[in-house]
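Structure file final.txt (compact mmCIF, C-alpha atoms) is printed below.
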```txt
# COMPACT_ATOMS: atom_id res chain seq x y z
CA MET A 1 221.30 72.19 226.41
CA PRO A 2 219.75 72.60 229.87
CA GLU A 3 220.00 69.59 232.12
CA PRO A 4 216.72 68.10 233.43
CA ILE A 5 215.83 68.92 237.01
CA SER A 6 216.33 66.16 239.54
CA ARG A 7 212.83 66.37 240.92
CA LEU A 8 209.29 66.77 239.67
CA ALA A 9 207.14 69.06 241.76
CA CYS A 10 203.64 67.73 242.37
CA VAL A 11 200.90 70.10 243.51
CA SER A 12 197.53 69.26 245.06
CA VAL A 13 194.59 71.65 244.99
CA LEU A 14 191.37 71.06 246.98
CA LEU A 15 188.40 73.38 247.48
CA PHE A 16 189.42 75.81 250.25
CA ALA A 17 191.36 72.97 251.89
CA SER A 18 194.28 71.39 250.06
CA SER A 19 196.31 72.77 247.17
CA CYS A 20 199.57 74.32 246.05
CA SER A 21 200.20 77.99 245.42
CA SER A 22 202.52 80.91 245.96
CA SER A 23 202.63 84.67 245.67
CA SER A 24 201.46 86.67 242.68
CA SER A 25 204.22 89.25 242.63
CA THR A 26 207.56 89.15 240.86
CA ASP A 27 209.79 90.49 243.62
CA THR A 28 212.62 88.54 245.26
CA ALA A 29 211.43 85.56 247.27
CA GLN A 30 212.58 83.97 250.49
CA PRO A 31 211.45 80.35 250.06
CA THR A 32 211.78 77.90 252.91
CA SER A 33 211.78 74.81 250.75
CA SER A 34 213.55 71.59 251.65
CA ASP A 35 216.51 69.79 250.07
CA ALA A 36 216.34 69.89 246.28
CA GLY A 37 217.51 66.28 246.08
CA ASP A 38 214.35 64.82 247.60
CA ALA A 39 211.66 63.57 245.25
CA GLY A 40 207.97 63.33 245.93
CA THR A 41 204.62 65.04 246.24
CA LYS A 42 204.36 68.59 247.53
CA ALA A 43 201.13 68.78 249.50
CA ALA A 44 199.28 71.79 250.83
CA VAL A 45 199.65 72.66 254.49
CA ASP A 46 196.77 73.36 256.84
CA ALA A 47 196.86 77.07 257.64
CA ASP A 48 195.93 76.31 261.24
CA VAL A 49 199.27 74.59 261.82
CA ILE A 50 201.24 77.67 260.72
CA ASP A 51 201.77 80.45 263.24
CA ALA A 52 200.45 83.71 261.85
CA TYR A 53 202.01 87.05 262.68
CA ALA A 54 200.82 87.87 266.21
CA GLY A 55 199.84 91.50 265.55
CA THR A 56 197.57 93.13 263.03
CA ALA A 57 198.91 93.08 259.49
CA THR A 58 198.49 95.51 256.63
CA GLU A 59 197.59 93.98 253.27
CA HIS A 60 198.32 96.13 250.25
CA GLY A 61 198.78 95.82 246.52
CA LEU A 62 198.18 97.31 243.10
CA VAL A 63 195.42 96.10 240.75
CA VAL A 64 195.84 96.59 237.00
CA ASP A 65 193.67 95.71 234.03
CA TYR A 66 194.63 92.39 232.42
CA GLY A 67 194.55 93.75 228.88
CA THR A 68 196.13 97.17 229.29
CA LEU A 69 198.15 96.65 232.50
CA LYS A 70 196.93 100.10 233.57
CA PRO A 71 195.74 100.71 237.17
CA VAL A 72 192.04 100.16 237.82
CA ALA A 73 190.18 102.41 240.25
CA GLY A 74 186.91 101.54 241.96
CA LEU A 75 187.43 97.79 242.48
CA THR A 76 186.43 96.31 245.84
CA VAL A 77 188.98 94.19 247.71
CA THR A 78 187.54 92.13 250.58
CA ASP A 79 189.13 90.00 253.29
CA HIS A 80 187.72 89.00 256.70
CA GLY A 81 184.67 91.15 256.04
CA VAL A 82 186.86 94.25 255.70
CA THR A 83 186.72 96.07 252.37
CA ALA A 84 188.81 98.64 250.55
CA VAL A 85 188.31 100.32 247.19
CA THR A 86 191.21 100.73 244.78
CA ASP A 87 192.17 104.37 244.29
CA ALA A 88 193.16 106.25 241.13
CA THR A 89 196.54 104.46 241.13
CA GLY A 90 194.89 101.03 241.50
CA SER A 91 196.23 100.69 245.04
CA PHE A 92 194.43 99.20 248.03
CA THR A 93 195.19 98.80 251.73
CA LEU A 94 193.44 96.55 254.25
CA THR A 95 194.11 95.85 257.91
CA ALA A 96 193.95 92.16 258.75
CA PRO A 97 193.02 91.05 262.28
CA ALA A 98 195.82 89.74 264.48
CA GLY A 99 196.69 86.11 263.78
CA SER A 100 194.31 85.92 260.82
CA ARG A 101 194.43 83.77 257.71
CA LEU A 102 194.29 85.77 254.48
CA SER A 103 192.07 84.99 251.51
CA PRO A 104 191.21 88.24 249.74
CA SER A 105 188.98 88.59 246.70
CA VAL A 106 188.46 91.39 244.18
CA THR A 107 185.26 92.41 242.41
CA GLY A 108 184.05 95.41 240.44
CA PRO A 109 181.61 96.61 237.79
CA SER A 110 182.47 95.06 234.40
CA TYR A 111 185.20 92.93 236.04
CA THR A 112 185.33 89.31 237.16
CA HIS A 113 185.29 87.92 240.69
CA LEU A 114 188.92 87.04 241.40
CA LEU A 115 189.84 84.78 244.33
CA PHE A 116 193.34 84.75 245.82
CA PRO A 117 195.22 81.74 247.21
CA ALA A 118 195.13 81.55 251.00
CA SER A 119 198.14 82.71 253.01
CA VAL A 120 199.16 83.50 256.58
CA PRO A 121 200.74 86.83 257.58
CA ALA A 122 204.42 86.44 258.41
CA ALA A 123 205.05 90.13 259.15
CA ALA A 124 203.23 93.39 259.74
CA ASP A 125 203.59 94.28 256.05
CA VAL A 126 201.86 91.92 253.61
CA ASP A 127 202.58 92.87 250.00
CA PHE A 128 200.45 91.34 247.24
CA GLY A 129 202.42 93.19 244.59
CA THR A 130 200.85 93.92 241.21
CA LEU A 131 197.75 91.91 240.42
CA VAL A 132 196.03 91.57 237.04
CA MET A 133 192.24 91.76 236.90
CA PRO A 134 190.39 90.56 233.79
CA THR A 135 187.29 92.39 232.62
CA SER A 136 184.17 90.33 232.07
CA SER A 137 184.61 90.72 228.31
CA THR A 138 188.26 89.58 228.44
CA PHE A 139 187.25 86.61 230.58
CA MET A 140 184.46 85.80 228.11
CA LEU A 141 187.00 85.85 225.27
CA GLU A 142 189.26 83.50 227.21
CA GLN A 143 186.40 81.10 227.88
CA ALA A 144 185.26 81.20 224.26
CA GLY A 145 188.66 79.86 223.25
CA LEU A 146 188.63 77.23 225.96
CA SER A 147 184.99 76.12 225.56
CA ASN A 148 185.10 75.38 229.28
CA ASP A 149 182.27 74.06 231.44
CA THR A 150 181.12 77.05 233.49
CA SER A 151 179.65 74.81 236.19
CA GLU A 152 183.23 73.80 237.01
CA ALA A 153 186.22 75.79 238.23
CA LEU A 154 188.78 77.80 236.28
CA VAL A 155 192.16 78.68 237.79
CA GLN A 156 194.71 81.07 236.31
CA LEU A 157 198.27 79.85 236.92
CA VAL A 158 200.94 82.47 237.62
CA VAL A 159 204.55 81.32 238.05
CA VAL A 160 207.08 83.50 239.85
CA THR A 161 210.79 82.80 240.19
CA ALA A 162 213.32 83.09 242.98
CA PRO A 163 216.80 84.42 242.06
CA SER A 164 218.07 80.85 241.74
CA CYS A 165 215.74 80.24 238.77
CA ALA A 166 216.43 82.53 235.84
CA SER A 167 213.04 82.19 234.16
CA ALA A 168 209.85 80.14 234.04
CA VAL A 169 209.99 80.08 230.23
CA GLY A 170 210.16 76.52 228.95
CA GLY A 171 208.49 75.02 232.01
CA THR A 172 205.61 72.61 231.64
CA ILE A 173 202.71 71.34 233.70
CA GLN A 174 200.87 68.05 233.78
CA VAL A 175 197.45 67.66 235.38
CA LEU A 176 197.50 64.30 237.14
CA SER A 177 193.97 64.37 238.57
CA PRO A 178 191.02 64.60 238.52
CA SER A 179 190.28 63.05 235.15
CA GLY A 180 188.69 65.42 232.68
CA THR A 181 190.61 68.47 233.91
CA LYS A 182 192.23 70.45 231.11
CA PHE A 183 194.79 73.21 230.68
CA ASN A 184 196.20 75.56 228.07
CA TYR A 185 199.38 77.61 228.08
CA PHE A 186 199.24 81.32 227.33
CA SER A 187 200.99 82.60 224.22
CA THR A 188 203.00 85.82 224.17
CA ASP A 189 199.83 87.66 223.08
CA SER A 190 198.48 86.84 226.57
CA LEU A 191 195.66 84.55 225.46
CA PRO A 192 195.40 80.77 225.92
CA ASP A 193 196.60 78.86 222.87
CA GLY A 194 196.10 75.13 222.51
CA THR A 195 199.08 74.87 220.16
CA VAL A 196 201.57 76.21 222.75
CA THR A 197 203.43 73.45 224.60
CA SER A 198 205.27 75.24 227.43
CA PHE A 199 205.43 78.42 229.50
CA GLN A 200 206.04 81.43 227.27
CA ALA A 201 207.55 84.86 227.92
CA VAL A 202 204.22 86.47 228.78
CA THR A 203 204.27 89.96 230.28
CA PRO A 204 204.24 89.62 234.08
CA PRO A 205 202.22 89.45 236.22
CA ARG A 206 199.91 87.82 233.67
CA PRO A 207 199.36 84.04 234.00
CA VAL A 208 201.36 81.52 232.01
CA ALA A 209 198.65 78.85 231.91
CA VAL A 210 194.99 78.30 232.70
CA ILE A 211 193.58 75.14 234.27
CA PHE A 212 189.87 74.55 233.67
CA ASP A 213 187.00 72.08 233.88
CA ILE A 214 188.06 71.37 237.47
CA LYS A 215 185.27 69.64 239.35
CA ALA A 216 184.27 71.90 242.22
CA GLY A 217 185.62 70.44 245.45
CA ALA A 218 187.72 67.79 243.73
CA ALA A 219 191.43 67.41 244.46
CA LEU A 220 193.53 68.75 241.59
CA SER A 221 197.02 67.30 241.23
CA VAL A 222 199.38 69.24 238.96
CA GLN A 223 203.01 68.50 238.20
CA ILE A 224 205.30 71.37 237.15
CA THR A 225 208.79 70.93 235.70
CA ARG A 226 211.44 73.36 234.52
CA PRO A 227 215.06 72.61 233.53
CA LYS A 228 217.54 73.67 236.23
CA CYS A 229 214.74 74.85 238.53
CA LYS A 230 212.40 73.24 241.03
CA GLN A 231 209.11 74.18 242.55
CA ALA A 232 209.28 75.69 246.05
CA GLU A 233 207.99 73.54 248.89
CA PHE A 234 205.01 74.56 250.96
CA PRO A 235 204.85 76.37 253.24
CA PHE A 236 207.18 79.15 252.12
CA THR A 237 207.36 82.83 253.02
CA TYR A 238 207.20 85.50 250.34
CA GLN A 239 206.65 89.25 250.70
CA GLY A 240 205.46 89.11 254.28
CA LYS A 241 203.12 86.14 253.93
CA THR A 242 203.42 82.38 254.20
CA TYR A 243 201.67 80.46 251.46
CA THR A 244 200.00 77.25 252.55
CA GLY A 245 199.08 75.95 249.11
CA GLN A 246 195.35 76.43 249.57
CA VAL A 247 193.55 77.69 246.47
CA PRO A 248 189.77 78.04 246.10
CA THR A 249 188.20 76.09 243.23
CA VAL A 250 184.57 77.05 242.71
CA ALA A 251 182.18 77.09 239.76
CA THR A 252 182.95 79.78 237.18
CA GLU A 253 179.29 80.81 236.98
CA PRO A 254 177.45 82.61 238.30
CA GLY A 255 179.63 85.67 238.70
CA ASP A 256 182.60 85.18 236.34
CA THR A 257 184.50 83.58 239.20
CA ASN A 258 188.13 82.61 238.67
CA ALA A 259 191.03 82.00 241.04
CA ALA A 260 194.72 82.81 241.01
CA MET A 261 196.98 79.82 241.59
CA VAL A 262 200.47 81.18 241.98
CA MET A 263 203.50 78.90 242.14
CA MET A 264 207.17 79.58 242.65
CA LEU A 265 210.17 78.11 240.87
CA GLU A 266 213.59 78.29 242.52
```
For this file, write the structure as structure tokens.
Amino acid sequence: MPEPISRLACVSVLLFASSCSSSSSTDTAQPTSSDAGDAGTKAAVDADVIDAYAGTATEHGLVVDYGTLKPVAGLTVTDHGVTAVTDATGSFTLTAPAGSRLSPSVTGPSYTHLLFPASVPAAADVDFGTLVMPTSSTFMLEQAGLSNDTSEALVQLVVVTAPSCASAVGGTIQVLSPSGTKFNYFSTDSLPDGTVTSFQAVTPPRPVAVIFDIKAGAALSVQITRPKCKQAEFPFTYQGKTYTGQVPTVATEPGDTNAAMVMMLE
């Protein structure tokens, strides 16, 4: 049987200010986490204390439909007031100002308003990988199962793994605060299921869990565990960007707003 990990990873999320996150792609990571033997809370890092790449950076990625995993054309990706529209292959490219902090969002007709975790460019090439975008109807179906409070925030949790961690399957989360916050794991049919008790083998890059009824602006503390793996410390660099752990938590309505909270296991 797998041996328990020696440390529990604790994550804090605060509205545009303090949280834990990582990248949303499944490519090989280059985490800069500290000694695995240390125990304790992993806090978000202020983006202003991290040196961003000095020159302009190119943000790019591929947006696919959550249900079909097929590319979606015509979605608008925005960051720093600069916009791009996904092409027939679902691809987008944006130029970020020199030394900027990144916090892109995606919107489109019949689709939700998806907010990305904040990051800082670490290189000229910033790769967001493949990103799933739920339609408004898919998001409505998810919320119907959750019976969530739409005046509070909903965050989709994506877990990626470094080569040192074989899989996220079997991992678990615990929401430590605020009180009243809830979560469900996703089943292998890619919908939240209250009977599922751990991360399942969902098709990447779909989320493995959803955290909801998060009071807007409140600090969210989440603990993630996985046998033989540990959560990467913040900040860490992944695919040309350094993740600070900042994740927006805003009311779901109006606008079908949801955020991606992406964590890494190593």
Looking at A:Gly255, A:Ser147, A:Phe128, A:Cys229, which one is nearest to Val63 of chain A, with distances taken over only C-alpha atoms?
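Ranked by minimum distance to Val63 of chain A, first place goes to A:Phe128.
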Would you tabulate, counting all atoms listed in the file, all residues of segment 149-210 of chain A that have an atom at most 12 Å from an atom of segment 104-116 of chain A, showing the closest pair of atoms and their distance in Å to one decimal, sorted by chain then ascending number, as JSON lines?
```
{"residue": "A:Ala153", "atom": "CA", "partner": "A:Leu115", "partner_atom": "CA", "distance": 11.5}
{"residue": "A:Leu154", "atom": "CA", "partner": "A:Leu114", "partner_atom": "CA", "distance": 10.6}
{"residue": "A:Val155", "atom": "CA", "partner": "A:Leu115", "partner_atom": "CA", "distance": 9.2}
{"residue": "A:Gln156", "atom": "CA", "partner": "A:Leu114", "partner_atom": "CA", "distance": 9.8}
{"residue": "A:Leu157", "atom": "CA", "partner": "A:Phe116", "partner_atom": "CA", "distance": 11.3}
{"residue": "A:Val158", "atom": "CA", "partner": "A:Phe116", "partner_atom": "CA", "distance": 11.4}
```
Atom CA of Ala162 of chain A to atom CA of Leu265 of chain A measures 6.3 Å
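Closest approach to Phe139 of chain A among A:Val159, A:Leu191, A:Leu69, A:Ile214: A:Leu191, based on all atoms listed in the file.
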Counting only C-alpha atoms, closest pick from A:Val222, A:Val64, A:Val126, A:Ala118 relative to Pro204 of chain A is A:Val64
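For the set A:Thr225, A:Thr78, A:Thr237, A:Ser177, the residue with the smallest atom-to-atom gap to Phe92 of chain A is A:Thr78, counting all atoms listed in the file.
The gap separating atom CA of Tyr53 of chain A from atom CA of Pro121 of chain A is 5.3 Å, in Å to one decimal.
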- Within 8 Å of Val72 of chain A, counting only C-alpha atoms, which residues show up once you throw out same-chain ones fewer than 6 positions away? Write them as JSON, numbers by chain, please. {"A": [63, 64, 65, 86, 87, 88, 89, 90]}
